[in-house]
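**Student:** Next comes coords.txt, compact mmCIF, C-alpha atoms:
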```txt
# COMPACT_ATOMS: atom_id res chain seq x y z
CA MET A 1 -5.76 19.65 -12.34
CA HIS A 2 -9.31 19.56 -10.96
CA SER A 3 -11.19 22.81 -10.47
CA ASP A 4 -14.54 21.25 -9.59
CA PRO A 5 -15.16 21.97 -5.85
CA GLU A 6 -16.46 18.45 -5.19
CA ALA A 7 -13.35 16.91 -6.78
CA ILE A 8 -11.13 19.20 -4.67
CA ARG A 9 -12.99 18.19 -1.47
CA LYS A 10 -12.40 14.56 -2.39
CA GLN A 11 -8.70 15.33 -2.91
CA VAL A 12 -8.55 17.01 0.50
CA ARG A 13 -9.64 13.74 2.14
CA THR A 14 -6.85 11.96 0.23
CA TYR A 15 -4.31 14.56 1.47
CA MET A 16 -5.36 13.91 5.06
CA MET A 17 -5.09 10.14 4.63
CA ILE A 18 -1.65 10.43 3.04
CA GLY A 19 -0.55 12.79 5.83
CA ALA A 20 -1.66 10.23 8.43
CA ALA A 21 0.08 7.41 6.52
CA LEU A 22 3.32 9.44 6.45
CA PHE A 23 3.15 9.89 10.23
CA VAL A 24 2.58 6.15 10.71
CA PHE A 25 5.47 5.20 8.39
CA THR A 26 7.79 7.60 10.24
CA GLY A 27 6.82 5.88 13.50
CA ILE A 28 7.48 2.47 11.92
CA THR A 29 10.92 3.62 10.67
CA VAL A 30 11.96 4.65 14.19
CA ALA A 31 10.39 1.52 15.77
CA VAL A 32 12.32 -0.76 13.36
CA ASN A 33 15.50 1.14 14.26
CA GLN A 34 14.95 0.35 17.95
CA VAL A 35 15.03 -3.40 17.13
CA HIS A 36 18.76 -3.09 16.18
CA LEU A 37 18.75 -5.14 12.99
CA ALA A 38 21.98 -6.03 11.17
CA VAL A 39 23.28 -2.92 9.35
CA PRO A 40 22.58 -4.12 5.74
CA LEU A 41 19.02 -5.16 6.68
CA ALA A 42 18.44 -1.93 8.64
CA ILE A 43 19.61 0.15 5.64
CA THR A 44 17.36 -1.82 3.27
CA VAL A 45 14.26 -1.50 5.48
CA ALA A 46 14.81 2.21 6.21
CA LEU A 47 15.36 3.05 2.54
CA ILE A 48 12.33 1.03 1.41
CA ILE A 49 10.10 2.89 3.89
CA ALA A 50 11.67 6.26 2.92
CA THR A 51 11.07 5.48 -0.77
CA MET A 52 7.43 4.61 -0.05
CA LYS A 53 6.99 7.87 1.89
CA GLY A 54 8.74 9.88 -0.82
CA SER A 55 6.56 8.29 -3.51
CA MET A 56 3.41 9.23 -1.60
CA VAL A 57 4.55 12.85 -1.27
CA ALA A 58 5.49 13.03 -4.97
CA ALA A 59 2.39 11.24 -6.27
CA VAL A 60 -0.28 12.91 -4.14
CA PHE A 61 1.01 16.20 -2.68
CA MET A 62 2.99 17.08 -5.82
CA HIS A 63 0.23 15.70 -8.08
CA LEU A 64 2.60 13.48 -10.06
CA ASN A 65 -0.13 10.82 -10.28
CA HIS A 66 -1.79 12.94 -12.99
CA GLU A 67 0.67 15.29 -14.64
CA ARG A 68 1.46 16.35 -18.20
CA LYS A 69 3.96 14.42 -20.34
CA TRP A 70 6.46 17.31 -20.39
CA ILE A 71 6.91 17.04 -16.65
CA TYR A 72 7.26 13.25 -16.80
CA GLY A 73 9.83 13.75 -19.58
CA ALA A 74 11.88 16.18 -17.47
CA LEU A 75 11.68 13.80 -14.52
CA ILE A 76 12.77 10.76 -16.54
CA LEU A 77 15.93 12.68 -17.51
CA THR A 78 16.40 13.60 -13.84
CA VAL A 79 16.03 9.98 -12.74
CA ILE A 80 18.65 8.91 -15.31
CA GLY A 81 21.02 11.62 -14.02
CA PHE A 82 20.30 10.62 -10.41
CA ILE A 83 21.03 6.94 -11.12
CA ILE A 84 24.35 7.95 -12.72
CA LEU A 85 25.18 10.01 -9.62
CA MET A 86 24.36 7.09 -7.34
CA THR A 87 26.59 4.76 -9.35
CA VAL A 88 29.55 7.17 -9.21
CA PRO A 89 30.67 5.68 -5.84
CA MET A 90 31.05 2.31 -7.62
CA PHE A 91 33.56 3.83 -10.03
CA THR A 92 35.82 4.68 -7.10
CA THR A 93 36.40 0.98 -6.53
CA MET A 94 36.57 -0.07 -10.18
CA ASP A 95 40.34 0.39 -10.38
CA HIS A 96 40.62 -2.70 -8.16
CA ILE A 97 38.88 -4.90 -10.74
CA GLY A 98 41.33 -7.45 -12.10
CA THR A 99 43.94 -6.64 -9.45
CA PRO A 100 45.04 -9.64 -7.36
CA ILE A 101 43.83 -9.41 -3.75
CA HIS A 102 47.41 -9.63 -2.44
CA ALA A 103 48.75 -7.20 -5.00
CA GLY A 104 51.76 -6.30 -2.85
CA ALA A 105 53.29 -9.78 -2.72
CA PRO A 106 53.56 -10.55 -6.50
CA ALA A 107 54.80 -7.03 -7.16
CA ALA A 108 57.52 -7.47 -4.57
CA GLU A 109 58.48 -10.82 -6.08
CA HIS A 110 58.46 -9.26 -9.54
CA GLY A 111 60.71 -6.48 -8.32
CA ALA A 112 63.05 -8.94 -6.60
CA ALA A 113 63.45 -10.98 -9.81
CA HIS A 114 65.01 -8.01 -11.53
CA MET B 1 4.05 44.24 -20.67
CA ASN B 2 2.19 41.05 -19.83
CA ILE B 3 4.18 37.85 -19.37
CA PRO B 4 2.37 35.19 -21.41
CA TYR B 5 1.16 31.82 -20.14
CA THR B 6 1.15 32.63 -16.42
CA VAL B 7 -2.40 31.31 -16.13
CA GLU B 8 -3.41 29.80 -19.44
CA GLU B 9 -1.55 26.72 -20.69
CA ARG B 10 0.90 26.88 -23.58
CA PRO B 11 -0.46 24.97 -26.58
CA ASP B 12 2.80 23.05 -27.12
CA THR B 13 3.54 21.93 -23.53
CA GLY B 14 0.01 21.98 -22.13
CA LEU B 15 1.45 23.73 -19.09
CA ALA B 16 1.68 27.25 -17.69
CA ASN B 17 5.29 28.42 -17.94
CA GLY B 18 5.70 28.69 -14.17
CA LYS B 19 4.83 25.04 -13.66
CA LEU B 20 7.37 23.74 -16.16
CA GLY B 21 9.86 26.23 -14.71
CA ILE B 22 9.46 25.04 -11.11
CA TRP B 23 9.74 21.38 -12.17
CA LEU B 24 12.97 22.08 -14.09
CA PHE B 25 14.28 23.90 -11.01
CA LEU B 26 13.35 20.91 -8.84
CA ALA B 27 15.12 18.61 -11.32
CA SER B 28 18.30 20.65 -10.79
CA GLU B 29 17.75 20.40 -7.03
CA VAL B 30 17.54 16.60 -7.28
CA MET B 31 20.98 16.65 -8.89
CA LEU B 32 22.36 18.99 -6.21
CA PHE B 33 21.19 16.80 -3.32
CA GLY B 34 21.95 13.66 -5.37
CA ALA B 35 25.60 14.72 -5.64
CA LEU B 36 25.77 15.12 -1.86
CA PHE B 37 24.05 11.78 -1.23
CA SER B 38 26.57 10.23 -3.63
CA THR B 39 29.38 11.86 -1.65
CA TYR B 40 27.86 10.45 1.55
CA ILE B 41 27.97 6.92 0.05
CA ILE B 42 31.63 7.34 -0.96
CA LEU B 43 32.60 8.65 2.48
CA ARG B 44 30.62 6.00 4.33
CA THR B 45 31.79 3.00 2.30
CA GLY B 46 35.39 4.25 2.46
CA ALA B 47 35.39 4.83 6.22
CA PRO B 48 36.88 2.07 8.39
CA GLU B 49 34.06 2.69 10.92
CA TRP B 50 30.96 4.86 10.95
CA PRO B 51 29.54 6.39 14.14
CA HIS B 52 26.09 5.41 15.42
CA GLY B 53 23.93 7.21 17.94
CA GLU B 54 25.68 10.59 17.67
CA LEU B 55 22.43 12.36 16.80
CA ASN B 56 19.24 12.73 18.80
CA VAL B 57 16.78 10.38 17.03
CA TRP B 58 13.76 11.79 18.89
CA LEU B 59 14.54 15.35 17.84
CA GLY B 60 15.03 14.13 14.26
CA MET B 61 11.72 12.26 14.42
CA ALA B 62 9.96 15.35 15.81
CA ASN B 63 11.34 17.38 12.91
CA THR B 64 10.11 14.73 10.46
CA PHE B 65 6.60 14.99 11.93
CA ILE B 66 6.82 18.80 11.75
CA LEU B 67 7.81 18.80 8.07
CA ILE B 68 5.18 16.21 7.12
CA GLY B 69 2.59 18.32 8.96
CA SER B 70 3.79 21.41 7.09
CA SER B 71 3.41 19.57 3.77
CA VAL B 72 -0.21 18.78 4.67
CA THR B 73 -0.93 22.42 5.63
CA MET B 74 0.80 23.62 2.44
CA VAL B 75 -1.33 21.46 0.16
CA MET B 76 -4.40 22.55 2.16
CA ALA B 77 -3.43 26.21 1.57
CA TRP B 78 -3.55 25.52 -2.18
CA ALA B 79 -6.77 23.46 -2.00
CA SER B 80 -8.45 26.27 -0.01
CA LEU B 81 -7.74 28.69 -2.86
CA LYS B 82 -9.23 26.20 -5.32
CA LEU B 83 -12.31 26.19 -3.08
CA ASN B 84 -12.30 30.01 -3.18
CA ASP B 85 -11.70 30.28 0.59
CA PHE B 86 -8.92 32.86 1.02
CA GLY B 87 -9.32 32.99 4.82
CA LYS B 88 -8.54 29.29 5.21
CA HIS B 89 -5.72 29.55 2.70
CA ARG B 90 -4.11 32.28 4.78
CA LEU B 91 -4.50 30.27 7.98
CA TYR B 92 -2.91 27.17 6.43
CA LEU B 93 -0.06 29.18 4.89
CA ILE B 94 0.69 30.86 8.22
CA LEU B 95 0.63 27.41 9.88
CA THR B 96 3.09 26.12 7.29
CA PHE B 97 5.35 29.12 7.95
CA VAL B 98 5.20 28.54 11.72
CA LEU B 99 5.96 24.82 11.37
CA ALA B 100 8.95 25.68 9.17
CA GLY B 101 10.12 28.08 11.89
CA VAL B 102 9.73 25.39 14.57
CA PHE B 103 11.80 23.02 12.42
CA LEU B 104 14.63 25.57 12.25
CA VAL B 105 14.43 26.31 16.00
CA ASN B 106 14.79 22.56 16.70
CA LYS B 107 17.72 22.45 14.31
CA TYR B 108 19.29 25.43 16.12
CA PHE B 109 19.09 23.59 19.46
CA GLU B 110 20.52 20.47 17.86
CA TYR B 111 23.46 22.37 16.36
CA ALA B 112 24.01 24.34 19.60
CA ASN B 113 24.19 21.08 21.55
CA HIS B 114 26.85 19.71 19.19
CA PHE B 115 28.83 22.96 19.22
CA ALA B 116 28.79 22.98 23.05
CA LYS B 117 30.43 19.55 23.00
CA GLY B 118 33.03 20.75 20.48
CA GLU B 119 31.48 18.64 17.71
CA LEU B 120 32.21 20.95 14.80
CA PRO B 121 32.37 19.85 11.12
CA ALA B 122 36.13 19.26 11.43
CA HIS B 123 35.51 16.80 14.31
CA SER B 124 34.75 13.83 12.04
CA THR B 125 33.83 12.87 8.47
CA PHE B 126 30.33 11.98 9.68
CA LEU B 127 29.78 15.42 11.24
CA ALA B 128 31.22 17.13 8.14
CA ILE B 129 28.66 15.47 5.84
CA TYR B 130 25.93 15.86 8.49
CA TYR B 131 26.43 19.64 8.68
CA THR B 132 26.72 19.93 4.90
CA LEU B 133 23.51 18.02 4.15
CA THR B 134 21.39 19.44 6.98
CA GLY B 135 22.84 22.94 6.49
CA LEU B 136 21.93 22.96 2.80
CA HIS B 137 18.50 21.59 3.64
CA GLY B 138 18.09 24.27 6.32
CA ILE B 139 18.90 26.98 3.78
CA HIS B 140 16.14 25.55 1.58
CA ILE B 141 13.72 25.73 4.52
CA LEU B 142 14.72 29.37 5.05
CA GLY B 143 14.22 30.11 1.33
CA GLY B 144 10.75 28.57 1.47
CA MET B 145 9.92 30.69 4.51
CA VAL B 146 10.93 33.87 2.65
CA VAL B 147 8.60 32.98 -0.24
CA MET B 148 5.76 32.10 2.16
CA ALA B 149 6.26 35.34 4.08
CA TYR B 150 5.90 37.22 0.79
CA PHE B 151 2.62 35.47 -0.02
CA ILE B 152 1.31 35.97 3.52
CA GLY B 153 2.27 39.66 3.28
CA PRO B 154 2.56 41.87 0.17
CA GLY B 155 2.16 39.07 -2.39
CA ALA B 156 -1.36 38.28 -1.12
CA LYS B 157 -2.72 41.37 -2.90
CA MET B 158 -2.70 39.42 -6.15
CA TRP B 159 -5.66 37.33 -4.93
CA LYS B 160 -7.88 40.37 -5.55
CA THR B 161 -6.49 41.29 -8.96
CA ASN B 162 -5.64 37.89 -10.46
CA PRO B 163 -6.81 34.97 -8.29
CA GLU B 164 -5.89 32.28 -10.84
CA GLN B 165 -2.29 33.45 -11.11
CA PHE B 166 -2.08 33.72 -7.31
CA THR B 167 -3.39 30.13 -6.99
CA ASN B 168 -0.74 28.99 -9.47
CA ARG B 169 1.98 30.76 -7.48
CA ILE B 170 0.87 29.00 -4.32
CA GLU B 171 0.88 25.68 -6.19
CA TYR B 172 4.50 26.26 -7.30
CA THR B 173 5.51 27.27 -3.77
CA GLY B 174 3.86 24.06 -2.58
CA LEU B 175 5.76 21.94 -5.11
CA TYR B 176 9.02 23.40 -3.80
CA TRP B 177 7.95 22.87 -0.20
CA HIS B 178 6.98 19.22 -0.77
CA PHE B 179 10.37 18.67 -2.39
CA VAL B 180 12.08 20.07 0.73
CA ASP B 181 9.97 17.65 2.81
CA LEU B 182 10.87 14.78 0.44
CA VAL B 183 14.60 15.46 0.88
CA TRP B 184 14.21 15.36 4.67
CA ILE B 185 12.30 12.04 4.41
CA PHE B 186 15.57 10.55 3.09
CA LEU B 187 17.96 12.61 5.24
CA PHE B 188 16.33 11.49 8.49
CA PRO B 189 16.97 7.72 8.21
CA VAL B 190 20.32 8.16 6.43
CA LEU B 191 21.81 10.49 9.08
CA TYR B 192 19.91 9.69 12.28
CA LEU B 193 19.12 6.00 12.09
CA LEU B 194 21.66 4.16 9.94
```
As structure tokens, how would this structure be written, given the file I've shared?
**Tutor:**
Amino acid sequence: MHSDPEAIRKQVRTYMMIGAALFVFTGITVAVNQVHLAVPLAITVALIIATMKGSMVAAVFMHLNHERKWIYGALILTVIGFIILMTVPMFTTMDHIGTPIHAGAPAAEHGAAH
Amino acid sequence: MNIPYTVEERPDTGLANGKLGIWLFLASEVMLFGALFSTYIILRTGAPEWPHGELNVWLGMANTFILIGSSVTMVMAWASLKLNDFGKHRLYLILTFVLAGVFLVNKYFEYANHFAKGELPAHSTFLAIYYTLTGLHGIHILGGMVVMAYFIGPGAKMWKTNPEQFTNRIEYTGLYWHFVDLVWIFLFPVLYLL
């Protein structure tokens, strides 16, 4: 972390620019929403913009663009855990894998044969 | 007894203990909100239909602007201490506190409007997850305000006795506050727009 006053003043200008960019991206998110895109496209666009905004906050305001390796290490573990959490919803549908689409009909036939 | 490594960096981690501590706390917070976002995905993909336009987008957008503004004032509060300007630090921290309060007042009006129409959590799956996510986020805002109030009030005395440790404390408060802003950056499109 910088302690040199000139370096801090330079950082302050960056904070202001990032703040302005975050305002602009928020405006863009709402403007895109007013266009009424198809739901999958709207979700993709909104999440891409949100990820860009989140990255700016994390990198600049939270100083992750120049941190120590211990913090990156902790965050890598967190990202792995987060990815696992986000894939949990997929597991809820995995019990359908390999099941015929019209599972009811063959089962009924199978039952009738006995 | 002096707690070690509050200002100076530990030789093994290269970090003051408080900094590693706040990042580990934030990592646990990512998992907390991550679990709820995961729940949202399960509920949404499993629902035969999902409501649109139930929330006031403009109020949500205003709250996004407010929180982004508060993140800027928070980082400025820390930068002012680094520039040895306690007066400006105080002003920026008070501004952050006020913006957080305005966010909660907006949220109060939003909730009150839903309650008046009988839209309680039990009304629909969407409202249940909406109240859960925004309620938990609101509690985090309130927690941040308590910490800020302490540093505006009695906690500010430390600037005179140990300015470096005070600056570190404000940095950690800021890290928490930016995380709360970051969560809202995702909550806004997920709940209000999609």
**Student:** Neighbouring residues of B:Leu24 were defined as those with any atom within 12 Å, considering all atoms listed in the file; residues of the same chain fewer than 3 positions away were excluded. Please report them as a ChimeraX atom specification.
**Tutor:** /A:70-78 /B:17-21,27-31,172,175-176
**Student:** For atom CA of B:Trp184 and atom CA of A:Phe25, determine how far apart the two atoms are, in Å to one decimal place.
**Tutor:** 13.9 Å
**Student:** Could you work out how far atom CA of B:Trp159 lies from atom CA of B:Ile3, giving the answer in Å with one decimal?
**Tutor:**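 Separating atom CA of B:Ile3 from atom CA of B:Trp159 is a distance of 17.5 Å.
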**Student:** What is the atom CA of A:Phe23 to atom CA of B:Phe65 distance in Å?
**Tutor:** 6.4 Å
**Student:** Mind listing as a count of residues only which residues of chain A are within 8 Å of chain B, counting all atoms listed in the file?
**Tutor:** 40
**Student:** Skipping near chain neighbours, those fewer than 4 positions away, what residues fall within 12 Å of B:Gly153 using all atoms listed in the file, listed as a list in words?
**Tutor:**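 Listed by chain and then number, they are Arg90, Leu93, Ile94, Phe97, Met145, Val146, Val147, Met148, Ala149, Lys157, Met158 and Trp159 of chain B.
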